[in-house]
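Have a look at final08.txt; it's compact mmCIF, N, CA and C atoms:
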# COMPACT_ATOMS: atom_id res chain seq x y z
N MET A 1 0.86 -1.17 0.00
CA MET A 1 0.00 0.00 0.00
C MET A 1 0.90 1.23 0.00
N ALA A 2 0.75 2.08 -0.95
CA ALA A 2 1.54 3.30 -1.04
C ALA A 2 0.99 4.35 -0.08
N ALA A 3 1.89 5.06 0.54
CA ALA A 3 1.48 6.11 1.47
C ALA A 3 1.03 7.34 0.70
N HIS A 4 -0.06 7.91 1.13
CA HIS A 4 -0.55 9.16 0.57
C HIS A 4 0.10 10.28 1.37
N PRO A 5 0.53 11.37 0.73
CA PRO A 5 1.24 12.43 1.47
C PRO A 5 0.46 12.99 2.64
N ASN A 6 -0.86 12.99 2.57
CA ASN A 6 -1.66 13.55 3.66
C ASN A 6 -2.11 12.51 4.67
N LYS A 7 -1.88 11.25 4.40
CA LYS A 7 -2.29 10.18 5.30
C LYS A 7 -1.15 9.18 5.46
N PRO A 8 -0.28 9.39 6.44
CA PRO A 8 0.86 8.49 6.62
C PRO A 8 0.41 7.06 6.93
N VAL A 9 1.22 6.12 6.52
CA VAL A 9 0.96 4.71 6.79
C VAL A 9 2.04 4.21 7.74
N ASP A 10 1.62 3.61 8.85
CA ASP A 10 2.56 2.97 9.76
C ASP A 10 2.58 1.49 9.44
N THR A 11 3.74 0.87 9.51
CA THR A 11 3.86 -0.54 9.24
C THR A 11 4.28 -1.25 10.52
N LEU A 12 3.54 -2.29 10.88
CA LEU A 12 3.84 -3.07 12.07
C LEU A 12 4.12 -4.51 11.66
N VAL A 13 5.12 -5.11 12.27
CA VAL A 13 5.38 -6.53 12.07
C VAL A 13 4.84 -7.23 13.30
N ARG A 14 4.01 -8.23 13.07
CA ARG A 14 3.39 -8.96 14.18
C ARG A 14 3.75 -10.44 14.07
N GLY A 15 3.81 -11.10 15.21
CA GLY A 15 4.08 -12.52 15.24
C GLY A 15 5.53 -12.80 15.61
N VAL A 16 5.99 -13.96 15.24
CA VAL A 16 7.34 -14.40 15.53
C VAL A 16 8.12 -14.42 14.22
N SER A 17 9.25 -13.75 14.20
CA SER A 17 10.11 -13.73 13.01
C SER A 17 11.44 -14.39 13.37
N PRO A 18 11.52 -15.70 13.23
CA PRO A 18 12.75 -16.39 13.63
C PRO A 18 13.92 -16.05 12.71
N VAL A 19 15.10 -16.05 13.30
CA VAL A 19 16.32 -15.88 12.51
C VAL A 19 16.68 -17.25 11.97
N LEU A 20 16.84 -17.34 10.67
CA LEU A 20 17.13 -18.63 10.06
C LEU A 20 18.63 -18.82 9.87
N GLU A 21 19.09 -20.00 10.25
CA GLU A 21 20.48 -20.36 10.02
C GLU A 21 20.67 -20.61 8.52
N VAL A 22 21.77 -20.11 7.98
CA VAL A 22 22.07 -20.33 6.57
C VAL A 22 23.22 -21.35 6.51
N PRO A 23 22.92 -22.56 6.05
CA PRO A 23 23.96 -23.59 6.02
C PRO A 23 24.88 -23.45 4.80
N PHE A 24 26.14 -23.82 5.01
CA PHE A 24 27.15 -23.80 3.96
C PHE A 24 27.80 -25.18 3.87
N HIS A 25 28.32 -25.48 2.69
CA HIS A 25 29.13 -26.69 2.52
C HIS A 25 30.51 -26.44 3.10
N ARG A 26 31.29 -27.50 3.27
CA ARG A 26 32.64 -27.36 3.83
C ARG A 26 33.53 -26.42 3.02
N ASP A 27 33.29 -26.34 1.71
CA ASP A 27 34.11 -25.47 0.86
C ASP A 27 33.65 -24.01 0.90
N GLY A 28 32.64 -23.70 1.71
CA GLY A 28 32.16 -22.33 1.85
C GLY A 28 31.00 -21.97 0.93
N ALA A 29 30.63 -22.89 0.05
CA ALA A 29 29.51 -22.62 -0.87
C ALA A 29 28.18 -22.74 -0.12
N LEU A 30 27.25 -21.93 -0.51
CA LEU A 30 25.91 -21.97 0.07
C LEU A 30 25.28 -23.34 -0.17
N ASP A 31 24.56 -23.83 0.82
CA ASP A 31 23.88 -25.13 0.70
C ASP A 31 22.37 -24.88 0.55
N PRO A 32 21.88 -24.69 -0.69
CA PRO A 32 20.46 -24.37 -0.87
C PRO A 32 19.53 -25.49 -0.41
N GLU A 33 19.93 -26.73 -0.58
CA GLU A 33 19.09 -27.85 -0.12
C GLU A 33 19.01 -27.86 1.40
N GLY A 34 20.13 -27.57 2.05
CA GLY A 34 20.13 -27.48 3.51
C GLY A 34 19.27 -26.33 4.00
N PHE A 35 19.30 -25.20 3.28
CA PHE A 35 18.48 -24.06 3.66
C PHE A 35 17.00 -24.39 3.52
N THR A 36 16.65 -25.11 2.46
CA THR A 36 15.27 -25.55 2.28
C THR A 36 14.82 -26.39 3.47
N THR A 37 15.70 -27.25 3.95
CA THR A 37 15.40 -28.08 5.12
C THR A 37 15.17 -27.21 6.35
N VAL A 38 16.02 -26.21 6.55
CA VAL A 38 15.87 -25.29 7.69
C VAL A 38 14.51 -24.59 7.61
N VAL A 39 14.17 -24.06 6.46
CA VAL A 39 12.89 -23.34 6.29
C VAL A 39 11.71 -24.28 6.54
N ASP A 40 11.77 -25.47 5.96
CA ASP A 40 10.69 -26.44 6.16
C ASP A 40 10.49 -26.78 7.64
N ARG A 41 11.58 -26.94 8.35
CA ARG A 41 11.48 -27.30 9.78
C ARG A 41 10.92 -26.15 10.61
N VAL A 42 11.33 -24.92 10.28
CA VAL A 42 10.80 -23.76 11.01
C VAL A 42 9.31 -23.61 10.73
N LEU A 43 8.92 -23.72 9.46
CA LEU A 43 7.50 -23.59 9.12
C LEU A 43 6.66 -24.70 9.76
N ALA A 44 7.24 -25.87 9.92
CA ALA A 44 6.52 -26.99 10.53
C ALA A 44 6.19 -26.72 11.99
N THR A 45 6.91 -25.81 12.63
CA THR A 45 6.62 -25.49 14.04
C THR A 45 5.38 -24.61 14.17
N GLY A 46 4.96 -23.99 13.05
CA GLY A 46 3.78 -23.14 13.10
C GLY A 46 4.06 -21.67 13.36
N VAL A 47 5.33 -21.30 13.53
CA VAL A 47 5.63 -19.88 13.75
C VAL A 47 5.47 -19.13 12.44
N GLY A 48 5.21 -17.86 12.57
CA GLY A 48 5.07 -17.03 11.38
C GLY A 48 4.89 -15.59 11.78
N SER A 49 5.06 -14.72 10.83
CA SER A 49 4.86 -13.30 11.08
C SER A 49 4.20 -12.69 9.87
N GLY A 50 3.74 -11.49 10.04
CA GLY A 50 3.10 -10.79 8.95
C GLY A 50 3.27 -9.30 9.11
N VAL A 51 3.02 -8.60 8.06
CA VAL A 51 3.12 -7.15 8.07
C VAL A 51 1.73 -6.58 7.99
N GLU A 52 1.47 -5.63 8.85
CA GLU A 52 0.16 -4.98 8.89
C GLU A 52 0.38 -3.49 8.68
N GLU A 53 -0.32 -2.93 7.74
CA GLU A 53 -0.24 -1.49 7.51
C GLU A 53 -1.55 -0.85 7.93
N HIS A 54 -1.44 0.25 8.61
CA HIS A 54 -2.66 0.98 8.98
C HIS A 54 -2.39 2.46 8.87
N ARG A 55 -3.41 3.17 8.58
CA ARG A 55 -3.31 4.62 8.47
C ARG A 55 -3.43 5.25 9.85
N ASN A 56 -2.51 6.14 10.11
CA ASN A 56 -2.54 6.86 11.37
C ASN A 56 -3.14 8.24 11.10
N GLU A 57 -4.44 8.36 11.33
CA GLU A 57 -5.15 9.60 11.02
C GLU A 57 -4.77 10.74 11.95
N SER A 58 -4.18 10.44 13.11
CA SER A 58 -3.84 11.50 14.05
C SER A 58 -2.59 12.25 13.64
N ARG A 59 -1.77 11.67 12.77
CA ARG A 59 -0.56 12.34 12.31
C ARG A 59 -0.83 13.07 11.00
N ARG A 60 -0.69 14.35 11.00
CA ARG A 60 -0.87 15.13 9.78
C ARG A 60 0.27 16.08 9.61

What is this structure when it is put down as structure tokens?
Amino acid sequence: MAAHPNKPVDTLVRGVSPVLEVPFHRDGALDPEGFTTVVDRVLATGVGSGVEEHRNESRR
């Protein structure tokens, strides 16, 4: 949602935003399959977050 100059938009993040470990191979290369596993396991726990935008009419 784009902010209108006369109606500011505040953005709030709600929920749990876990920090995800980024796995690497021994040679230092990124391990995309390992990262997929990390993401799948975190999502399986049910945690999640979202962004909520609302107009703050009191700020002009």

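Taking CA of Ala29 in chain A as the reference point, atom N of Ser49 in chain A is found at 28.2 Å.
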
- Neighbours of Pro23 in chain A within 7 Å (only N, CA and C atoms; same-chain residues fewer than 3 positions away dropped), as a list in words? Leu20, Ala29, Leu30, Asp31, Pro32, Gly34 and Phe35 of chain A

Find the residues near Gly15 in chain A: any atom within 8 Å, counting all atoms listed in the file, skip ones fewer than 4 places away on the same chain, and give them as an mmCIF file with N, CA and C atoms, keeping the file's coordinate frame.
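Ended up saving to out-v8.cif:
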data_model
loop_
_atom_site.group_PDB
_atom_site.id
_atom_site.type_symbol
_atom_site.label_atom_id
_atom_site.label_comp_id
_atom_site.auth_asym_id
_atom_site.auth_seq_id
_atom_site.Cartn_x
_atom_site.Cartn_y
_atom_site.Cartn_z
ATOM 1 N N VAL A 47 5.330 -21.300 13.530
ATOM 2 C CA VAL A 47 5.630 -19.880 13.750
ATOM 3 C C VAL A 47 5.470 -19.130 12.440
ATOM 4 N N GLY A 48 5.210 -17.860 12.570
ATOM 5 C CA GLY A 48 5.070 -17.030 11.380
ATOM 6 C C GLY A 48 4.890 -15.590 11.780
ATOM 7 N N SER A 49 5.060 -14.720 10.830
ATOM 8 C CA SER A 49 4.860 -13.300 11.080
ATOM 9 C C SER A 49 4.200 -12.690 9.870
ATOM 10 N N GLY A 50 3.740 -11.490 10.040
ATOM 11 C CA GLY A 50 3.100 -10.790 8.950
ATOM 12 C C GLY A 50 3.270 -9.300 9.110
ATOM 13 N N VAL A 51 3.020 -8.600 8.060
ATOM 14 C CA VAL A 51 3.120 -7.150 8.070
ATOM 15 C C VAL A 51 1.730 -6.580 7.990
#

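Relative to atom C of Ser17 in chain A, CA of Val39 in chain A is found at 11.5 Å.
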
Students should find that CA of Glu21 in chain A and CA of Glu53 in chain A are spaced 28.1 Å

As AutoDock Vina command-line options: centre and edge lengths in Å, one decimal, of the axis-aligned box holding range 36-42 of chain A with 5 Å per side:
--center_x 13.0 --center_y -25.7 --center_z 6.6 --size_x 17.3 --size_y 14.7 --size_z 18.7

Limit the output to all heavy atoms and give range 42-56 of chain A as a CSV table (one decimal), in the first residue's frame.
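File produced: decode_1.csv:
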chain,number,residue,atom,x,y,z
A,42,VAL,N,11.3,-24.9,10.3
A,42,VAL,CA,10.8,-23.8,11.0
A,42,VAL,C,9.3,-23.6,10.7
A,42,VAL,O,8.5,-23.4,11.6
A,42,VAL,CB,11.6,-22.5,10.7
A,42,VAL,CG1,10.9,-21.2,11.2
A,42,VAL,CG2,13.0,-22.6,11.2
A,43,LEU,N,8.9,-23.7,9.5
A,43,LEU,CA,7.5,-23.6,9.1
A,43,LEU,C,6.7,-24.7,9.8
A,43,LEU,O,5.5,-24.5,10.1
A,43,LEU,CB,7.3,-23.6,7.6
A,43,LEU,CG,7.9,-22.4,6.9
A,43,LEU,CD1,7.7,-22.6,5.4
A,43,LEU,CD2,7.2,-21.1,7.3
A,44,ALA,N,7.2,-25.9,9.9
A,44,ALA,CA,6.5,-27.0,10.5
A,44,ALA,C,6.2,-26.7,12.0
A,44,ALA,O,5.2,-27.3,12.5
A,44,ALA,CB,7.3,-28.3,10.4
A,45,THR,N,6.9,-25.8,12.6
A,45,THR,CA,6.6,-25.5,14.0
A,45,THR,C,5.4,-24.6,14.2
A,45,THR,O,4.8,-24.5,15.3
A,45,THR,CB,7.8,-24.8,14.7
A,45,THR,OG1,7.9,-23.5,14.1
A,45,THR,CG2,9.1,-25.5,14.6
A,46,GLY,N,5.0,-24.0,13.1
A,46,GLY,CA,3.8,-23.1,13.1
A,46,GLY,C,4.1,-21.7,13.4
A,46,GLY,O,3.1,-20.9,13.4
A,47,VAL,N,5.3,-21.3,13.5
A,47,VAL,CA,5.6,-19.9,13.7
A,47,VAL,C,5.5,-19.1,12.4
A,47,VAL,O,5.6,-19.7,11.4
A,47,VAL,CB,7.0,-19.6,14.3
A,47,VAL,CG1,7.2,-20.3,15.6
A,47,VAL,CG2,8.1,-20.0,13.3
A,48,GLY,N,5.2,-17.9,12.6
A,48,GLY,CA,5.1,-17.0,11.4
A,48,GLY,C,4.9,-15.6,11.8
A,48,GLY,O,4.6,-15.3,12.9
A,49,SER,N,5.1,-14.7,10.8
A,49,SER,CA,4.9,-13.3,11.1
A,49,SER,C,4.2,-12.7,9.9
A,49,SER,O,4.1,-13.3,8.8
A,49,SER,CB,6.2,-12.6,11.4
A,49,SER,OG,7.1,-12.7,10.3
A,50,GLY,N,3.7,-11.5,10.0
A,50,GLY,CA,3.1,-10.8,8.9
A,50,GLY,C,3.3,-9.3,9.1
A,50,GLY,O,3.6,-8.8,10.2
A,51,VAL,N,3.0,-8.6,8.1
A,51,VAL,CA,3.1,-7.1,8.1
A,51,VAL,C,1.7,-6.6,8.0
A,51,VAL,O,0.9,-7.0,7.2
A,51,VAL,CB,4.0,-6.7,6.9
A,51,VAL,CG1,4.0,-5.1,6.8
A,51,VAL,CG2,5.4,-7.2,7.0
A,52,GLU,N,1.5,-5.6,8.8
A,52,GLU,CA,0.2,-5.0,8.9
A,52,GLU,C,0.4,-3.5,8.7
A,52,GLU,O,1.2,-2.9,9.3
A,52,GLU,CB,-0.5,-5.2,10.3
A,52,GLU,CG,-1.8,-4.5,10.5
A,52,GLU,CD,-2.3,-4.7,11.9
A,52,GLU,OE1,-2.3,-5.9,12.4
A,52,GLU,OE2,-2.6,-3.7,12.6
A,53,GLU,N,-0.3,-2.9,7.7
A,53,GLU,CA,-0.2,-1.5,7.5
A,53,GLU,C,-1.5,-0.9,7.9
A,53,GLU,O,-2.6,-1.4,7.7
A,53,GLU,CB,0.0,-1.2,6.0
A,53,GLU,CG,1.4,-1.7,5.6
A,53,GLU,CD,1.7,-1.3,4.1
A,53,GLU,OE1,0.7,-0.9,3.4
A,53,GLU,OE2,2.8,-1.5,3.7
A,54,HIS,N,-1.4,0.3,8.6
A,54,HIS,CA,-2.7,1.0,9.0
A,54,HIS,C,-2.4,2.5,8.9
A,54,HIS,O,-1.3,2.9,9.0
A,54,HIS,CB,-3.1,0.6,10.4
A,54,HIS,CG,-2.2,1.0,11.5
A,54,HIS,ND1,-1.1,0.3,11.8
A,54,HIS,CD2,-2.2,2.1,12.3
A,54,HIS,CE1,-0.4,1.0,12.8
A,54,HIS,NE2,-1.1,2.0,13.1
A,55,ARG,N,-3.4,3.2,8.6
A,55,ARG,CA,-3.3,4.6,8.5
A,55,ARG,C,-3.4,5.2,9.9
A,55,ARG,O,-4.3,4.9,10.6
A,55,ARG,CB,-4.4,5.2,7.6
A,55,ARG,CG,-4.2,4.7,6.1
A,55,ARG,CD,-4.8,5.6,5.2
A,55,ARG,NE,-4.6,5.2,3.8
A,55,ARG,CZ,-3.6,5.4,3.1
A,55,ARG,NH1,-2.6,6.2,3.6
A,55,ARG,NH2,-3.4,5.0,1.9
A,56,ASN,N,-2.5,6.1,10.1
A,56,ASN,CA,-2.5,6.9,11.4
A,56,ASN,C,-3.1,8.2,11.1
A,56,ASN,O,-2.5,9.1,10.7
A,56,ASN,CB,-1.1,7.0,11.9
A,56,ASN,CG,-1.1,7.6,13.3
A,56,ASN,OD1,-2.1,8.2,13.7
A,56,ASN,ND2,0.0,7.4,14.0
